[in-house]
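Input: a single structure, listed below in structure tokens.
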Amino acid sequence: MHKNLVIVESPAKAKTIEKFLGSDYSVMSSFGHIRDLKEKDFGIDLKNNYKPAYVVPDDKKKLVSDLKKAAKEAEVVWLASDEDREGEAIAWHLFDELKLNKANTRRIVFHEITKPAILHAIETPRDIDLNLVDAQQARRVLDRIVGFELSPVLWRKIKPSLSAGRVQSVTVRLVVERERDIQNFVAEASYKVTALFNGIDAQGQPCELQAELKRRFASKAEANEFLQACVNASFSIDNIEKHPGKKSPAAPFTTSTLQQEASRKLGYSVSQTMRIAQKLYESGKITYMRTDSLNLSDLALGTISHEIKEMAGDKYLHIRKYHTKAKGAQEAHEAIRPTYISEHSITGSAQEQKLYELIWKRTIASQMADAEVERTNITICISGNPELFVATGEVLTFDGFLRVYMESVDDEQEQEQAGLLPALKEKQPLTLKQALAQERFSQKPPRYTEASLVRKLEELGIGRPSTYAPTISTILNREYVDKREIANEPRTYNVLTLHNGTIKEEVKKEKATIEKGKLSPTDIGIVVNDFLNIHFPSILDYNFTAKVEESFDEVAEGKTEWTKNIDQFYKKFHPNVEKAIATTGKKAGERELGIDPKSGKPVFAKISRFGSVVQIGSATDEEKPKFAALQKDQSLESITLEEALELFKLPMNVGQFEDTDMVVAVGRFGPYIKHGKAFYSLPKGENPLDMTTEHAIEIIEAKRQEDKNKQINHFPEEEIFVLNGRFGA
């Protein structure tokens, strides 16, 4: 029997903490929450002031029994769950469910798993903070009310087994609205003029200078007229301006900035970043990874200062105190940093090493001197013309924090880097070597990446550090949003080139681009979003969602009672649910495309139980309606009558092979060929309507060969195959 029982959430954390405590301490894990709202029932007593009905799930019953036994035998029980609202709620549930005694129970918190931090926590225990518990309960109860009451409405009005959620639905709305902005975007063309000049530098050497015209022209005619005016013009340097500039380092990481930077620099998804960071925290390598604080402790600043001086010298040190600007910044003591600054690298998986290195560099850089640059602007005037060319250059005079780390930007923010300019003098003449007027198009809004979506949620005050990753995972898992490759059609553009007094005109073609890893809404995501927008506008309102988060913060600070907030919400929300259920009419998302010329029946695009389909005829007709599934690159919003009628050609017989019909069709998992009892998937991107007999035979033979290569052995009498799998035989 141990005198002390320490209960933490995860086994990895337990293992790390056990190393720091003596033989008088036993450390056990609760494996997260030991109880939650009832799964199948509503789980909230509306008549009894929204009292939650908590239960221990079946898979946790043995664990709870073991914890109860260990707690009874211990003299002191230490509840050491995480220091945020979720962690506080876990501690409260443990206290309540294990029937602990306040006299011999201690609540301890720490934001790094190091020996000094654990020992300090044991020296300074506190009571369970019931305000934090109530804030977590308020979130859990509100989310259950929204999910439990909205989901059945979606089942009736759209299709079974859908779900809605307070934060997830608003997040889907962001993605849907961005997609519509892209679809409605009309590119505007303009002409950018660049020129290459010849001159003589201060050393008397010939040099070249690249410059850009200050204005852009709206039409080809205007650009052509300007180039014509340049044919006999003379050029000289009007002005040279030099001014010092500086670049400051980014603040240390918070949850959201770590998720964004790990996405940009390492290509990690938001949930992947959190999973790796959790491992680093639990093994004592970094501080707590759910935080919106930019603060660094004095102890950390001391060790960072020492590290920078040792590494680069006093000139590179610049201690800064960063202040959190996030709405409702809460329950956070420090930014995410390494627990031991002197450890430049760690042992662990390649992913853990990369993420640790990123955190280490960002932490160190945040306390380093600004980088110093000298910026030069050279203005070039044109005889008889008010327009001006400008050449911009930049030279790094002191690298400062750039010696260690430079923050990445999203591709939509990328800027061209200015280089070094030759040493020239004012009024000096220049010779025009070549001028180029190139047609450029305004850029459509970019689709969100996981990282830029997190940034937007944080900007709007929606969600908190602990909710970004699960929210994005939810909308992807429920297939309201997906990450698919989107091909952008290449455009043609005009280029006018002035060279040796002659203007030449060319038409060029942009390179085709493919967007990868960007978020776009699915048909079901769009239909659910539109339905909720009509019937529950407040749920999808950005300000409302942000205000709810602020109300949780007020509960956490002890300023308001959580049940009052829930009551105000429910009294407005529930009547809307009843009203939405009572509405009649066609199903949400259904569009009539026109009339089928063969049967004279209407053609619809709609959501069915199996996804997006087109339908000929109505359910009320004597003859059953015909259905056809949409292809992956088609959407309910944009499919035309002609495209819909093409889909009814499937299933389509494409000829015979080995005296058996080959039929091409589209199923739940995409297009395929059925040959006898066997099914063969079409390669990615192929249109089943373009299938020929020859190509169908090629696909069948290729798949058979692939299967043959997989097969090691076969026992026909038992229909047993021994195959080469991904992980061996």
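Every chain in the structure tokens has a letter given in the order shown (A, B, ...), and although residue numbers restart at 1 in each chain, ligands are simply numbered from 1 in the order shown.
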Could you list, as a short mmCIF file (atom, residue, chain, number, x, y, z; two decimals) with all heavy atoms, in the first residue's frame, every residue within 6 Å of stretch 366-380 of chain A, counting only C-alpha atoms and ignoring same-chain residues fewer than 2 positions away?
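Output below, filename around14.cif:
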```cif
data_model
loop_
_atom_site.label_atom_id
_atom_site.label_comp_id
_atom_site.auth_asym_id
_atom_site.auth_seq_id
_atom_site.Cartn_x
_atom_site.Cartn_y
_atom_site.Cartn_z
N SER A 236 15.92 58.25 -66.99
CA SER A 236 16.99 58.63 -66.05
C SER A 236 16.50 58.40 -64.62
O SER A 236 15.30 58.30 -64.37
CB SER A 236 17.38 60.10 -66.24
OG SER A 236 16.26 60.91 -65.97
N ILE A 237 17.48 58.34 -63.69
CA ILE A 237 17.14 58.11 -62.28
C ILE A 237 16.66 59.42 -61.67
O ILE A 237 17.39 60.42 -61.65
CB ILE A 237 18.34 57.52 -61.52
CG1 ILE A 237 18.61 56.11 -62.05
CG2 ILE A 237 18.06 57.48 -60.02
CD1 ILE A 237 19.83 55.45 -61.52
N ASP A 238 15.44 59.41 -61.20
CA ASP A 238 14.84 60.62 -60.64
C ASP A 238 15.20 60.77 -59.16
O ASP A 238 15.47 61.86 -58.69
CB ASP A 238 13.31 60.50 -60.80
CG ASP A 238 12.57 61.72 -60.28
OD1 ASP A 238 12.91 62.82 -60.73
OD2 ASP A 238 11.67 61.56 -59.44
N ASN A 239 15.22 59.63 -58.45
CA ASN A 239 15.40 59.72 -57.00
C ASN A 239 15.92 58.39 -56.46
O ASN A 239 15.53 57.33 -56.94
CB ASN A 239 14.02 60.05 -56.40
CG ASN A 239 14.11 60.31 -54.91
OD1 ASN A 239 15.15 60.71 -54.41
ND2 ASN A 239 13.03 60.05 -54.19
N ILE A 240 16.82 58.45 -55.47
CA ILE A 240 17.28 57.23 -54.78
C ILE A 240 17.04 57.45 -53.29
O ILE A 240 17.54 58.41 -52.71
CB ILE A 240 18.77 56.94 -55.04
CG1 ILE A 240 19.03 56.71 -56.54
CG2 ILE A 240 19.22 55.71 -54.23
CD1 ILE A 240 20.48 56.51 -56.91
N GLU A 241 16.25 56.58 -52.71
CA GLU A 241 15.95 56.68 -51.27
C GLU A 241 16.49 55.45 -50.56
O GLU A 241 16.21 54.33 -50.96
CB GLU A 241 14.43 56.72 -51.04
CG GLU A 241 13.82 58.07 -51.16
CD GLU A 241 12.31 58.03 -50.87
OE1 GLU A 241 11.81 56.95 -50.47
OE2 GLU A 241 11.67 59.06 -51.07
N LYS A 242 17.24 55.68 -49.47
CA LYS A 242 17.72 54.56 -48.67
C LYS A 242 17.22 54.78 -47.25
O LYS A 242 17.34 55.89 -46.72
CB LYS A 242 19.24 54.49 -48.66
CG LYS A 242 19.83 54.00 -49.96
CD LYS A 242 21.31 53.72 -49.84
CE LYS A 242 21.86 53.21 -51.16
NZ LYS A 242 23.26 52.83 -51.08
N HIS A 243 16.63 53.78 -46.67
CA HIS A 243 16.23 53.94 -45.27
C HIS A 243 16.35 52.60 -44.56
O HIS A 243 16.07 51.54 -45.13
CB HIS A 243 14.81 54.51 -45.15
CG HIS A 243 13.79 53.84 -46.01
ND1 HIS A 243 13.05 52.77 -45.60
CD2 HIS A 243 13.41 54.10 -47.30
CE1 HIS A 243 12.25 52.38 -46.56
NE2 HIS A 243 12.44 53.16 -47.61
N PRO A 244 16.79 52.68 -43.30
CA PRO A 244 16.95 51.43 -42.55
C PRO A 244 15.58 50.86 -42.17
O PRO A 244 14.61 51.60 -42.00
CB PRO A 244 17.73 51.86 -41.30
CG PRO A 244 17.42 53.31 -41.14
CD PRO A 244 17.16 53.85 -42.51
N GLY A 245 15.50 49.56 -42.07
CA GLY A 245 14.27 48.90 -41.65
C GLY A 245 14.62 47.76 -40.71
O GLY A 245 15.79 47.43 -40.52
N LYS A 246 13.60 47.18 -40.11
CA LYS A 246 13.88 46.04 -39.23
C LYS A 246 12.75 45.02 -39.33
O LYS A 246 11.61 45.35 -39.69
CB LYS A 246 14.09 46.49 -37.79
CG LYS A 246 12.87 47.11 -37.14
CD LYS A 246 13.15 47.47 -35.70
CE LYS A 246 11.86 47.98 -35.04
NZ LYS A 246 12.03 48.28 -33.64
N LYS A 247 13.08 43.78 -39.03
CA LYS A 247 12.09 42.71 -38.97
C LYS A 247 12.15 42.13 -37.57
O LYS A 247 13.24 41.84 -37.07
CB LYS A 247 12.43 41.62 -39.99
CG LYS A 247 12.27 42.08 -41.43
CD LYS A 247 12.67 40.99 -42.41
CE LYS A 247 12.48 41.49 -43.85
NZ LYS A 247 12.94 40.53 -44.84
N SER A 248 10.98 41.98 -36.97
CA SER A 248 10.93 41.44 -35.60
C SER A 248 10.49 39.98 -35.62
O SER A 248 9.74 39.57 -36.50
CB SER A 248 9.94 42.25 -34.76
OG SER A 248 10.39 43.59 -34.66
N PRO A 249 10.95 39.21 -34.64
CA PRO A 249 10.57 37.79 -34.61
C PRO A 249 9.11 37.61 -34.22
O PRO A 249 8.49 38.48 -33.62
CB PRO A 249 11.49 37.21 -33.53
CG PRO A 249 11.81 38.35 -32.64
CD PRO A 249 11.84 39.57 -33.52
N ALA A 250 8.56 36.45 -34.57
CA ALA A 250 7.19 36.10 -34.16
C ALA A 250 7.20 35.73 -32.68
O ALA A 250 8.23 35.33 -32.13
CB ALA A 250 6.72 34.92 -35.00
N ALA A 251 6.05 35.87 -32.05
CA ALA A 251 5.90 35.51 -30.63
C ALA A 251 6.06 34.00 -30.46
O ALA A 251 5.94 33.25 -31.42
CB ALA A 251 4.52 35.95 -30.16
N PRO A 252 6.31 33.54 -29.22
CA PRO A 252 6.36 32.09 -29.00
C PRO A 252 5.03 31.45 -29.37
O PRO A 252 4.02 32.15 -29.53
CB PRO A 252 6.63 31.95 -27.50
CG PRO A 252 6.84 33.31 -26.95
CD PRO A 252 6.47 34.31 -27.98
N TYR A 316 22.96 39.52 -29.92
CA TYR A 316 21.78 38.84 -30.48
C TYR A 316 20.63 38.72 -29.47
O TYR A 316 19.57 38.22 -29.81
CB TYR A 316 22.17 37.45 -30.99
CG TYR A 316 22.85 37.49 -32.34
CD1 TYR A 316 24.21 37.74 -32.45
CD2 TYR A 316 22.10 37.30 -33.51
CE1 TYR A 316 24.83 37.81 -33.69
CE2 TYR A 316 22.71 37.36 -34.75
CZ TYR A 316 24.07 37.61 -34.84
OH TYR A 316 24.67 37.67 -36.07
N LEU A 317 20.85 39.17 -28.23
CA LEU A 317 19.82 39.00 -27.20
C LEU A 317 18.92 40.23 -27.11
O LEU A 317 19.39 41.36 -27.09
CB LEU A 317 20.50 38.76 -25.84
CG LEU A 317 19.56 38.59 -24.64
CD1 LEU A 317 18.73 37.33 -24.77
CD2 LEU A 317 20.37 38.55 -23.34
N HIS A 318 17.60 39.99 -27.08
CA HIS A 318 16.63 41.09 -26.88
C HIS A 318 15.41 40.49 -26.18
O HIS A 318 14.56 39.89 -26.82
CB HIS A 318 16.25 41.71 -28.23
CG HIS A 318 15.25 42.82 -28.11
ND1 HIS A 318 14.92 43.64 -29.15
CD2 HIS A 318 14.51 43.27 -27.05
CE1 HIS A 318 14.02 44.53 -28.75
NE2 HIS A 318 13.75 44.30 -27.48
N ILE A 319 15.37 40.63 -24.87
CA ILE A 319 14.27 40.03 -24.09
C ILE A 319 12.97 40.80 -24.35
O ILE A 319 12.94 42.02 -24.29
CB ILE A 319 14.61 40.02 -22.58
CG1 ILE A 319 15.79 39.07 -22.32
CG2 ILE A 319 13.40 39.62 -21.74
CD1 ILE A 319 15.50 37.61 -22.60
N ARG A 320 11.91 40.05 -24.67
CA ARG A 320 10.60 40.66 -24.93
C ARG A 320 9.53 39.99 -24.07
O ARG A 320 9.57 38.80 -23.86
CB ARG A 320 10.19 40.46 -26.41
CG ARG A 320 11.06 41.14 -27.41
CD ARG A 320 10.60 40.74 -28.82
NE ARG A 320 11.39 41.38 -29.84
CZ ARG A 320 12.57 40.93 -30.26
NH1 ARG A 320 13.07 39.84 -29.73
NH2 ARG A 320 13.24 41.58 -31.20
N THR A 363 10.94 29.51 -29.93
CA THR A 363 11.10 30.04 -28.57
C THR A 363 12.37 30.89 -28.48
O THR A 363 12.35 32.00 -27.95
CB THR A 363 11.16 28.88 -27.54
OG1 THR A 363 10.03 28.03 -27.75
CG2 THR A 363 11.15 29.39 -26.13
N ILE A 364 13.47 30.34 -28.99
CA ILE A 364 14.76 31.06 -28.95
C ILE A 364 14.66 32.36 -29.76
O ILE A 364 15.03 33.44 -29.30
CB ILE A 364 15.89 30.15 -29.51
CG1 ILE A 364 16.21 29.02 -28.53
CG2 ILE A 364 17.14 30.96 -29.85
CD1 ILE A 364 17.05 29.42 -27.33
N LEU A 388 6.09 56.58 -63.70
CA LEU A 388 7.40 56.31 -63.08
C LEU A 388 7.60 54.81 -62.91
O LEU A 388 6.68 54.08 -62.56
CB LEU A 388 7.48 56.97 -61.69
CG LEU A 388 7.40 58.50 -61.63
CD1 LEU A 388 7.18 58.95 -60.20
CD2 LEU A 388 8.68 59.13 -62.20
N PHE A 389 8.83 54.36 -63.17
CA PHE A 389 9.24 53.00 -62.82
C PHE A 389 9.89 53.03 -61.44
O PHE A 389 10.54 54.02 -61.08
CB PHE A 389 10.26 52.45 -63.83
CG PHE A 389 9.66 51.96 -65.12
CD1 PHE A 389 9.69 52.74 -66.27
CD2 PHE A 389 9.07 50.71 -65.18
CE1 PHE A 389 9.15 52.27 -67.46
CE2 PHE A 389 8.53 50.23 -66.36
CZ PHE A 389 8.56 51.01 -67.50
N VAL A 390 9.74 51.94 -60.68
CA VAL A 390 10.38 51.86 -59.37
C VAL A 390 11.11 50.53 -59.24
O VAL A 390 10.56 49.47 -59.54
CB VAL A 390 9.34 52.00 -58.22
CG1 VAL A 390 10.01 51.81 -56.86
CG2 VAL A 390 8.65 53.34 -58.28
N ALA A 391 12.37 50.62 -58.81
CA ALA A 391 13.16 49.41 -58.50
C ALA A 391 13.34 49.37 -56.99
O ALA A 391 13.69 50.39 -56.37
CB ALA A 391 14.50 49.46 -59.19
N THR A 392 13.07 48.23 -56.38
CA THR A 392 13.16 48.11 -54.92
C THR A 392 14.18 47.03 -54.56
O THR A 392 14.17 45.95 -55.15
CB THR A 392 11.79 47.72 -54.32
OG1 THR A 392 10.83 48.69 -54.75
CG2 THR A 392 11.81 47.68 -52.81
N GLY A 393 15.03 47.36 -53.63
CA GLY A 393 16.04 46.39 -53.20
C GLY A 393 16.16 46.38 -51.69
O GLY A 393 15.74 47.31 -51.00
N GLU A 394 16.70 45.30 -51.19
CA GLU A 394 16.84 45.16 -49.73
C GLU A 394 18.11 44.38 -49.45
O GLU A 394 18.40 43.38 -50.10
CB GLU A 394 15.62 44.41 -49.19
CG GLU A 394 15.52 44.42 -47.69
CD GLU A 394 14.21 43.76 -47.23
OE1 GLU A 394 13.20 44.47 -47.13
OE2 GLU A 394 14.22 42.55 -46.99
N VAL A 395 18.89 44.89 -48.49
CA VAL A 395 20.08 44.14 -48.10
C VAL A 395 20.05 43.94 -46.58
O VAL A 395 19.67 44.84 -45.83
CB VAL A 395 21.38 44.86 -48.57
CG1 VAL A 395 21.49 46.26 -48.01
CG2 VAL A 395 22.62 44.06 -48.21
N LEU A 396 20.36 42.73 -46.14
CA LEU A 396 20.37 42.38 -44.72
C LEU A 396 21.68 42.88 -44.12
O LEU A 396 22.76 42.46 -44.53
CB LEU A 396 20.25 40.86 -44.58
CG LEU A 396 19.97 40.28 -43.20
CD1 LEU A 396 18.58 40.68 -42.70
CD2 LEU A 396 20.08 38.76 -43.22
N THR A 397 21.57 43.80 -43.14
CA THR A 397 22.80 44.33 -42.53
C THR A 397 23.14 43.62 -41.21
O THR A 397 24.26 43.63 -40.77
CB THR A 397 22.68 45.85 -42.29
OG1 THR A 397 21.49 46.11 -41.53
CG2 THR A 397 22.59 46.60 -43.62
N PHE A 398 22.11 43.03 -40.57
CA PHE A 398 22.34 42.25 -39.35
C PHE A 398 21.27 41.16 -39.29
O PHE A 398 20.07 41.46 -39.34
CB PHE A 398 22.27 43.17 -38.12
CG PHE A 398 22.36 42.43 -36.80
CD1 PHE A 398 23.49 41.69 -36.47
CD2 PHE A 398 21.31 42.48 -35.88
CE1 PHE A 398 23.57 41.00 -35.27
CE2 PHE A 398 21.38 41.79 -34.67
CZ PHE A 398 22.52 41.06 -34.37
N ASP A 399 21.68 39.91 -39.19
CA ASP A 399 20.69 38.82 -39.31
C ASP A 399 19.80 38.64 -38.09
O ASP A 399 18.67 38.20 -38.19
CB ASP A 399 21.37 37.50 -39.71
CG ASP A 399 22.45 37.05 -38.73
OD1 ASP A 399 22.71 37.79 -37.75
OD2 ASP A 399 23.03 35.97 -38.95
N GLY A 400 20.28 39.00 -36.88
CA GLY A 400 19.44 38.90 -35.67
C GLY A 400 18.78 37.54 -35.54
O GLY A 400 19.40 36.49 -35.71
N PHE A 401 17.48 37.55 -35.28
CA PHE A 401 16.73 36.30 -35.05
C PHE A 401 16.70 35.39 -36.28
O PHE A 401 16.48 34.19 -36.17
CB PHE A 401 15.29 36.59 -34.59
CG PHE A 401 14.39 37.08 -35.69
CD1 PHE A 401 13.61 36.20 -36.42
CD2 PHE A 401 14.34 38.43 -36.02
CE1 PHE A 401 12.79 36.63 -37.44
CE2 PHE A 401 13.52 38.88 -37.05
CZ PHE A 401 12.74 37.98 -37.76
#
```
Exercise. From stretch 520-717 of chain A, collect each residue whose DSSP state is helix (DSSP H, G or I) and return the set as a VMD selection string.
Key: chain A and resid 523 to 535 542 to 556 562 to 582 641 to 647 688 to 690 693 to 710 716 to 717
Exercise. Determine which residues of stretch 333-544 of chain A receive a DSSP assignment of strand (DSSP E or B), computed from the backbone, and state them as a PyMOL selection string.
Key: chain A and resi 336+338+368+371-382+385-398+429-441+481-483+486-488+492-499+502-509+513-515+519-521
Near-A:Ser383 list (8 Å; only C-alpha atoms; drop same-chain fewer than 3 positions) as a PDB file with all heavy atoms, in the first residue's frame:
```
ATOM      1  N   ALA A 233      11.545  57.414 -76.019  1.00  0.00           N
ATOM      2  CA  ALA A 233      11.733  58.157 -74.762  1.00  0.00           C
ATOM      3  C   ALA A 233      13.138  57.926 -74.204  1.00  0.00           C
ATOM      4  O   ALA A 233      13.822  56.962 -74.551  1.00  0.00           O
ATOM      5  CB  ALA A 233      10.699  57.696 -73.746  1.00  0.00           C
ATOM      6  N   SER A 234      13.553  58.866 -73.352  1.00  0.00           N
ATOM      7  CA  SER A 234      14.818  58.672 -72.624  1.00  0.00           C
ATOM      8  C   SER A 234      14.470  58.442 -71.152  1.00  0.00           C
ATOM      9  O   SER A 234      13.429  58.893 -70.662  1.00  0.00           O
ATOM     10  CB  SER A 234      15.730  59.885 -72.787  1.00  0.00           C
ATOM     11  OG  SER A 234      15.055  61.051 -72.360  1.00  0.00           O
ATOM     12  N   PHE A 235      15.365  57.739 -70.447  1.00  0.00           N
ATOM     13  CA  PHE A 235      15.096  57.345 -69.063  1.00  0.00           C
ATOM     14  C   PHE A 235      16.255  57.782 -68.172  1.00  0.00           C
ATOM     15  O   PHE A 235      17.430  57.709 -68.579  1.00  0.00           O
ATOM     16  CB  PHE A 235      14.936  55.819 -68.958  1.00  0.00           C
ATOM     17  CG  PHE A 235      13.838  55.274 -69.845  1.00  0.00           C
ATOM     18  CD1 PHE A 235      14.086  54.945 -71.185  1.00  0.00           C
ATOM     19  CD2 PHE A 235      12.565  55.112 -69.357  1.00  0.00           C
ATOM     20  CE1 PHE A 235      13.077  54.460 -71.996  1.00  0.00           C
ATOM     21  CE2 PHE A 235      11.546  54.625 -70.163  1.00  0.00           C
ATOM     22  CZ  PHE A 235      11.799  54.302 -71.484  1.00  0.00           C
TER      23      PHE A 235
END
```
Quiz item: Quick one: of A:Arg478, A:His111, A:Arg173, A:Lys157, who's nearest to A:Glu334, counting only C-alpha atoms?
Solution: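 Using only C-alpha atoms, A:Glu334 sits closest to A:His111.
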Exercise. Name all residues at most 12 Å from A:Gln351 (count only C-alpha atoms; drop same-chain ones fewer than 3 positions away) and give them as number ranges by chain.
Key: A: 262, 266-268, 272-277, 279-280, 346-348, 354-358
